[in-house]
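Here is the file input10.txt (compact mmCIF, C-alpha atoms).
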# COMPACT_ATOMS: atom_id res chain seq x y z
CA MET C 1 0.00 0.00 0.00
CA ALA C 2 2.96 2.31 0.59
CA ILE C 3 4.06 1.75 -3.01
CA ALA C 4 0.53 2.46 -4.22
CA ALA C 5 0.31 5.65 -2.16
CA GLU C 6 3.70 6.77 -3.42
CA THR C 7 2.60 6.15 -7.01
CA ARG C 8 -0.23 8.62 -6.46
CA SER C 9 2.16 11.14 -4.90
CA ALA C 10 4.26 11.04 -8.06
CA GLY C 11 1.43 12.62 -10.01
CA ASN C 12 1.73 15.80 -7.95
CA CYS C 13 5.52 15.81 -7.58
CA ARG C 14 7.19 19.06 -8.66
CA LEU C 15 10.58 17.40 -9.18
CA CYS C 16 9.03 14.77 -11.45
CA ALA C 17 7.26 17.48 -13.48
CA ASP C 18 10.50 19.43 -13.89
CA ARG C 19 12.41 16.29 -14.88
CA ARG C 20 9.78 15.25 -17.37
CA ASN C 21 10.14 18.59 -19.11
CA ALA C 22 13.94 18.54 -19.03
CA LEU C 23 16.09 17.37 -21.92
CA SER C 24 17.58 14.83 -19.53
CA PRO C 25 16.09 13.95 -16.13
CA ALA C 26 19.61 13.57 -14.73
CA THR C 27 20.19 17.32 -15.03
CA ILE C 28 17.51 18.17 -12.45
CA ALA C 29 18.32 17.59 -8.78
CA GLY C 30 16.01 17.84 -5.82
CA ALA C 31 13.72 15.94 -3.50
CA HIS C 32 10.49 14.23 -4.46
CA ASP C 33 7.13 15.26 -2.99
CA SER C 34 6.61 12.00 -1.16
CA ALA C 35 3.86 10.32 0.83
CA GLY C 36 6.58 9.80 3.43
CA ALA C 37 6.29 6.11 4.24
CA LEU C 38 9.23 4.85 2.15
CA PRO C 39 12.98 5.61 2.06
CA PRO C 40 14.41 7.82 -0.73
CA ALA C 41 15.61 4.98 -3.01
CA PRO C 42 12.24 3.30 -3.56
CA VAL C 43 10.58 6.72 -3.77
CA GLU C 44 12.91 7.65 -6.63
CA THR C 45 12.21 4.30 -8.32
CA ILE C 46 8.44 4.60 -8.02
CA HIS C 47 8.34 8.22 -9.18
CA ARG C 48 10.50 7.59 -12.25
CA ILE C 49 8.39 4.62 -13.34
CA ALA C 50 5.14 6.48 -12.69
CA THR C 51 6.06 9.71 -14.45
CA ASP C 52 8.88 9.16 -16.97
CA SER C 53 9.09 5.45 -17.74
CA GLY C 54 9.83 6.01 -21.42
CA ARG C 55 13.29 7.33 -20.62
CA LEU C 56 14.34 4.61 -18.20
CA GLY C 57 17.46 2.79 -19.31
CA GLU C 58 19.24 -0.38 -18.25
CA SER C 59 22.03 1.52 -16.53
CA TRP C 60 19.40 3.17 -14.30
CA PHE C 61 18.07 -0.28 -13.39
CA HIS C 62 21.53 -1.65 -12.60
CA ARG C 63 22.19 1.28 -10.27
CA LEU C 64 19.10 0.28 -8.31
CA LEU C 65 20.43 -3.27 -7.95
CA ALA C 66 23.84 -1.97 -6.92
CA ASP C 67 22.11 0.08 -4.22
CA GLY C 68 20.54 -3.06 -2.76
CA LEU C 69 17.16 -3.49 -4.43
CA THR C 70 16.53 -7.14 -5.34
CA ASP C 71 15.18 -8.15 -8.74
CA THR C 72 12.03 -9.74 -7.29
CA ARG C 73 11.18 -6.75 -5.14
CA TYR C 74 11.66 -4.57 -8.20
CA VAL C 75 9.22 -6.70 -10.20
CA GLU C 76 6.62 -6.42 -7.46
CA LEU C 77 7.14 -2.68 -7.30
CA VAL C 78 6.69 -2.32 -11.07
CA SER C 79 3.52 -4.41 -10.90
CA VAL C 80 1.99 -2.26 -8.16
CA VAL C 81 2.92 1.03 -9.86
CA ALA C 82 1.47 -0.15 -13.18
CA SER C 83 -1.74 -1.35 -11.54
CA VAL C 84 -2.30 1.91 -9.70
CA VAL C 85 -1.55 3.96 -12.83
CA ALA C 86 -3.95 1.85 -14.88
CA VAL C 87 -6.86 2.01 -12.46
CA ASP C 88 -6.38 5.68 -11.62
CA THR C 89 -6.15 6.70 -15.27
CA PHE C 90 -9.25 4.67 -16.12
CA ARG C 91 -11.27 6.24 -13.33
CA TYR C 92 -10.03 9.74 -14.16
CA ALA C 93 -10.90 9.33 -17.83
CA ALA C 94 -14.33 7.91 -16.98
CA GLY C 95 -15.11 10.77 -14.61
CA LEU C 96 -15.00 8.62 -11.49
CA ALA C 97 -13.33 9.57 -8.21
CA PRO C 98 -10.12 7.69 -7.33
CA TRP C 99 -10.64 4.57 -5.30
CA ASP C 100 -9.52 4.66 -1.70
CA LEU C 101 -6.52 2.40 -1.23
CA PRO C 102 -7.50 -0.83 0.54
CA VAL C 103 -6.40 -1.72 4.04
CA PRO C 104 -3.47 -4.18 3.98
CA GLN C 105 -4.51 -7.70 4.92
CA PRO C 106 -2.39 -10.09 7.00
CA GLY C 107 -0.44 -12.74 5.14
CA ALA C 108 3.07 -13.71 4.05
CA PRO C 109 4.57 -13.30 0.57
CA THR C 110 4.95 -16.57 -1.35
CA PHE C 111 8.59 -15.90 -2.31
CA ARG C 112 7.88 -18.13 -5.30
CA ARG C 113 10.57 -17.65 -7.97
CA PRO C 114 10.28 -19.78 -11.11
CA VAL C 115 13.09 -22.34 -11.39
CA GLY C 116 12.96 -21.98 -15.16
CA ALA C 117 13.49 -18.22 -15.15
CA LYS C 118 16.47 -17.18 -17.26
CA ARG C 119 18.29 -14.01 -18.18
CA GLY C 120 18.36 -12.85 -21.76
CA LEU C 121 15.11 -11.00 -22.34
CA GLY C 122 15.05 -7.44 -21.11
CA TRP C 123 16.71 -6.42 -17.88
CA LEU C 124 15.43 -9.20 -15.64
CA ALA C 125 15.22 -12.97 -15.62
CA THR C 126 11.93 -14.14 -17.11
CA MET C 127 10.30 -17.50 -17.64
CA ALA C 128 9.38 -18.40 -21.21
CA PRO C 129 6.64 -21.01 -21.67
CA GLU C 130 9.20 -23.51 -23.00
CA ASP C 131 11.51 -23.03 -19.98
CA ARG C 132 8.93 -24.01 -17.39
CA THR C 133 10.07 -26.83 -15.11
CA ARG C 134 7.87 -29.32 -13.24
CA ASP C 135 8.20 -27.11 -10.15
CA ASP C 136 6.94 -23.99 -11.92
CA PRO C 137 3.37 -22.78 -12.38
CA ASP C 138 1.97 -22.63 -15.91
CA LEU C 139 1.75 -18.86 -16.04
CA TYR C 140 0.53 -18.80 -19.61
CA GLY C 141 -2.13 -21.48 -19.54
CA ASP C 142 -3.39 -23.12 -16.41
CA GLU C 143 -2.38 -20.89 -13.48
CA PRO C 144 -5.07 -20.58 -12.21
CA GLY C 145 -6.41 -21.23 -15.68
CA PRO C 146 -7.49 -21.36 -18.33
CA ARG C 147 -5.65 -18.28 -19.55
CA ARG C 148 -4.27 -19.11 -23.03
CA ARG C 149 -1.69 -16.36 -22.99
CA THR C 150 0.74 -16.58 -25.87
CA GLY C 151 3.96 -16.00 -23.96
CA ALA C 152 4.74 -12.81 -25.88
CA ASN C 153 7.62 -10.82 -24.47
CA ILE C 154 5.26 -8.46 -22.67
CA HIS C 155 3.53 -11.44 -21.03
CA ARG C 156 6.92 -12.57 -19.75
CA ALA C 157 8.00 -9.19 -18.38
CA LEU C 158 6.81 -9.79 -14.79
CA SER C 159 7.11 -13.59 -14.78
CA LEU C 160 9.95 -13.59 -12.23
CA VAL C 161 7.23 -13.01 -9.61
CA PRO C 162 4.30 -15.19 -10.69
CA ASP C 163 1.71 -13.51 -8.46
CA ALA C 164 2.70 -10.07 -9.71
CA MET C 165 2.36 -11.24 -13.29
CA LEU C 166 -0.98 -12.94 -12.75
CA HIS C 167 -2.46 -10.04 -10.83
CA TRP C 168 -1.50 -7.61 -13.58
CA TRP C 169 -2.67 -9.69 -16.52
CA ASP C 170 -5.94 -10.74 -14.93
CA MET C 171 -6.77 -7.06 -14.48
CA PHE C 172 -5.38 -5.85 -17.80
CA GLU C 173 -7.34 -8.38 -19.84
CA VAL C 174 -10.55 -7.07 -18.26
CA MET C 175 -9.61 -3.51 -19.22
CA TYR C 176 -8.51 -4.47 -22.74
CA GLN C 177 -9.05 -8.00 -24.04
CA THR C 178 -7.55 -11.47 -23.85
CA SER C 179 -4.99 -12.81 -26.32
CA ALA C 180 -7.71 -14.86 -28.01
CA GLN C 181 -10.09 -11.89 -28.28
CA MET C 182 -7.30 -9.73 -29.66
CA ARG C 183 -6.82 -12.08 -32.60
CA ASP C 184 -10.48 -12.83 -33.28
CA PHE C 185 -11.54 -10.18 -35.75
CA SER C 186 -14.89 -11.86 -36.33
CA ARG C 187 -16.18 -10.62 -32.98
CA GLU C 188 -16.07 -7.31 -31.15
CA PRO C 189 -16.03 -8.05 -27.41
CA ARG C 190 -16.26 -4.38 -26.41
CA ALA C 191 -18.33 -1.34 -27.22
CA VAL C 192 -15.24 -0.03 -28.99
CA THR C 193 -13.88 -1.92 -31.99
CA HIS C 194 -10.55 -3.66 -32.41
CA ALA C 195 -9.39 -0.76 -34.58
CA GLU C 196 -10.48 1.83 -32.01
CA MET C 197 -8.75 -0.06 -29.19
CA GLU C 198 -5.50 -0.42 -31.12
CA MET C 199 -5.57 3.24 -32.08
CA LEU C 200 -6.02 4.24 -28.44
CA ALA C 201 -3.28 1.84 -27.34
CA ALA C 202 -0.86 3.25 -29.89
CA ARG C 203 -1.69 6.82 -28.86
CA VAL C 204 -1.11 6.14 -25.17
CA ALA C 205 2.14 4.31 -25.93
CA ALA C 206 3.36 7.22 -28.05
CA LEU C 207 2.46 9.77 -25.38
CA ASN C 208 4.39 7.69 -22.86
CA ARG C 209 7.29 7.30 -25.31
CA CYS C 210 7.04 3.53 -25.05
CA GLU C 211 9.00 1.76 -27.75
CA TYR C 212 7.40 -1.65 -27.22
CA MET N 1 0.33 15.37 -31.44
CA ASP N 2 -2.65 17.07 -33.04
CA GLY N 3 -4.84 14.07 -33.83
CA SER N 4 -5.04 14.96 -37.48
CA GLY N 5 -4.73 12.41 -40.24
CA ASP N 6 -7.04 9.68 -41.39
CA VAL N 7 -6.39 6.39 -39.59
CA GLY N 8 -9.54 4.70 -40.88
CA VAL N 9 -11.43 5.01 -37.60
CA SER N 10 -14.57 7.11 -37.84
CA ALA N 11 -14.41 8.62 -34.36
CA ALA N 12 -10.62 8.89 -34.33
CA ALA N 13 -10.40 12.59 -33.51
CA ASP N 14 -12.73 12.33 -30.52
CA LEU N 15 -11.07 9.19 -29.16
CA LEU N 16 -7.56 10.56 -29.55
CA ALA N 17 -8.54 13.82 -27.85
CA PHE N 18 -9.99 11.75 -25.01
CA ALA N 19 -6.74 9.81 -24.60
CA ASP N 20 -4.64 12.96 -24.71
CA ALA N 21 -6.76 14.71 -22.09
CA ALA N 22 -6.78 11.68 -19.79
CA LEU N 23 -3.00 11.39 -19.79
CA GLN N 24 -2.50 15.13 -19.39
CA ARG N 25 -4.85 15.17 -16.37
CA ASP N 26 -6.58 18.24 -17.79
CA ASN N 27 -9.94 18.38 -16.00
CA GLU N 28 -11.70 20.74 -18.37
CA THR N 29 -10.49 19.06 -21.53
CA VAL N 30 -11.15 15.55 -20.30
CA SER N 31 -14.74 16.46 -19.38
CA LYS N 32 -15.29 17.98 -22.81
CA SER N 33 -13.73 15.05 -24.66
CA ARG N 34 -15.61 12.52 -22.52
CA ARG N 35 -18.89 14.16 -23.47
CA ALA N 36 -17.87 14.14 -27.13
CA VAL N 37 -17.14 10.40 -27.06
CA VAL N 38 -20.45 9.69 -25.32
CA THR N 39 -22.27 11.76 -27.94
CA VAL N 40 -20.62 10.05 -30.89
CA LEU N 41 -20.19 6.45 -29.64
CA GLY N 42 -22.30 6.12 -26.48
CA GLU N 43 -21.57 5.73 -22.79
CA ALA N 44 -20.51 2.07 -22.97
CA ALA N 45 -17.92 2.92 -25.61
CA MET N 46 -16.64 5.82 -23.50
CA LEU N 47 -16.16 3.46 -20.54
CA ASP N 48 -14.43 0.84 -22.67
CA ALA N 49 -12.22 3.50 -24.24
CA ALA N 50 -11.32 4.78 -20.76
CA ALA N 51 -10.42 1.23 -19.74
CA VAL N 52 -8.12 0.78 -22.74
CA ILE N 53 -6.48 4.14 -22.06
CA GLY N 54 -5.94 3.20 -18.42
CA GLY N 55 -4.72 -0.29 -19.21
CA PHE N 56 -2.15 0.92 -21.68
CA ASP N 57 -1.05 3.75 -19.38
CA GLY N 58 -0.16 0.94 -16.98
CA ILE N 59 1.33 -1.61 -19.35
CA THR N 60 3.69 0.91 -20.91
CA ARG N 61 5.27 1.28 -17.44
CA ILE N 62 5.84 -2.47 -17.36
CA ALA N 63 7.38 -2.61 -20.82
CA ASP N 64 9.67 0.33 -20.19
CA ALA N 65 10.63 -0.54 -16.60
CA THR N 66 11.62 -4.09 -17.52
CA GLY N 67 13.42 -3.33 -20.78
CA ILE N 68 11.32 -5.87 -22.66
CA PRO N 69 12.29 -5.81 -26.35
CA LEU N 70 9.96 -6.08 -29.30
CA GLU N 71 9.79 -9.60 -30.71
CA PRO N 72 12.15 -9.95 -33.73
CA ALA N 73 9.30 -10.74 -36.13
CA LYS N 74 7.30 -7.70 -34.98
CA ALA N 75 10.39 -5.51 -35.18
CA GLU N 76 10.97 -6.62 -38.75
CA GLN N 77 7.34 -6.11 -39.76
CA THR N 78 7.20 -2.62 -38.27
CA ALA N 79 10.68 -1.32 -39.09
CA GLY N 80 9.48 1.05 -41.79
CA PHE N 81 6.71 2.77 -39.96
CA ARG N 82 8.64 2.93 -36.69
CA ILE N 83 11.18 5.10 -38.52
CA THR N 84 8.43 7.14 -40.19
CA LEU N 85 6.64 7.76 -36.90
CA GLY N 86 9.82 8.48 -34.97
CA ILE N 87 9.33 5.59 -32.55
CA ASP N 88 12.98 4.56 -32.86
CA ARG N 89 14.07 7.82 -31.27
CA PHE N 90 12.56 6.71 -27.97
CA GLN N 91 15.49 4.31 -27.52
CA ARG N 92 17.99 7.15 -27.81
CA GLU N 93 16.24 9.14 -25.08
CA LYS N 94 16.81 6.50 -22.40
CA THR N 95 19.14 7.36 -19.55

Starting from the file, lay out its structure as structure tokens.
Amino acid sequence: MAIAAETRSAGNCRLCADRRNALSPATIAGAHDSAGALPPAPVETIHRIATDSGRLGESWFHRLLADGLTDTRYVELVSVVASVVAVDTFRYAAGLAPWDLPVPQPGAPTFRRPVGAKRGLGWLATMAPEDRTRDDPDLYGDEPGPRRRTGANIHRALSLVPDAMLHWWDMFEVMYQTSAQMRDFSREPRAVTHAEMEMLAARVAALNRCEY
Amino acid sequence: MDGSGDVGVSAAADLLAFADAALQRDNETVSKSRRAVVTVLGEAAMLDAAAVIGGFDGITRIADATGIPLEPAKAEQTAGFRITLGIDRFQREKT
């Protein structure tokens, strides 16, 4: 919940606004307008992802690891930031008030890391469908299933933390469409067409300077 | 981006203006563009469009914050228009 709250703080952060308008974010120093519950390093990480993700580079990520952030914690952080951004933007666009953040519930993290996860795609280890071992969940088909995800690179992005990946994709497919729906041009599952959805997706990606 | 140009979608200008306003967090413009989408496409379409805008505002963070590359086949298929649209310059802006 602290990551979620900090994601919302990033939207009103003066430093982030100045950096976003700068030729290079590295030229602008200062302190973030923070919700106050997290140390400076995760605050910087959350704010950059929430406000200027299109200019994040691999050297930036490796500096985070060198400063002590683990790869799995980073994946969880990215998942939470993305989820909050997605829901908040949807509700803002639709004219709905932001949801109150939920109260944290008791429970322990699973610490489940796929045995078949490998380096070589992007900055983090990921698990491709073909690299799944008998000890790994079927993230693309049957966990908790049926999902029928294709295992595209973007599906694999958060696979180092299975729960983070599943939480994101289960929500995203409700907001957009499933892999099967995306490729079935004989049916329109939404009140907007395939063409309208892809046009909107491309526009948002361009505004966020997302190469993928 | 000015939203001009024919992309073969009848309500393109209204939908693109809606997306722009939502990402810019411009209250006045987003209200106006939301009403325009409802008028042209209906309330259900406005809600579905808002969901797509929100979903892709989130998923772009995942793609960029994990360094996930485009699949080779997609990169090959889109090489021409990525240059035309200036998408390749995004890579050079990373820090």

Excluding region 75-82 of chain C and any residue of its chain fewer than 3 positions from it, enumerate the residues within 6 Å of it, using all atoms listed in the file, and give them as a ChimeraX atom specification.
/C:7,72,85,164 /N:58,61

Check every residue of chain N for an atom within 7 Å of chain C, counting only C-alpha atoms, and provide those that qualify as a count of residues only.
38

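For the pair CA of Glu44 (chain C) and CA of Gln105 (chain C), the separation is 25.9 Å.
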
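Closest approach to Ala36 (chain N) among N:Ala79, N:Ala12, N:Val7, N:Ala73 is made by N:Ala12 (distances from only C-alpha atoms).
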
Interatomic distance, CA of Leu41 (chain N) to CA of Asp20 (chain N) (Å, one decimal):
17.6 Å
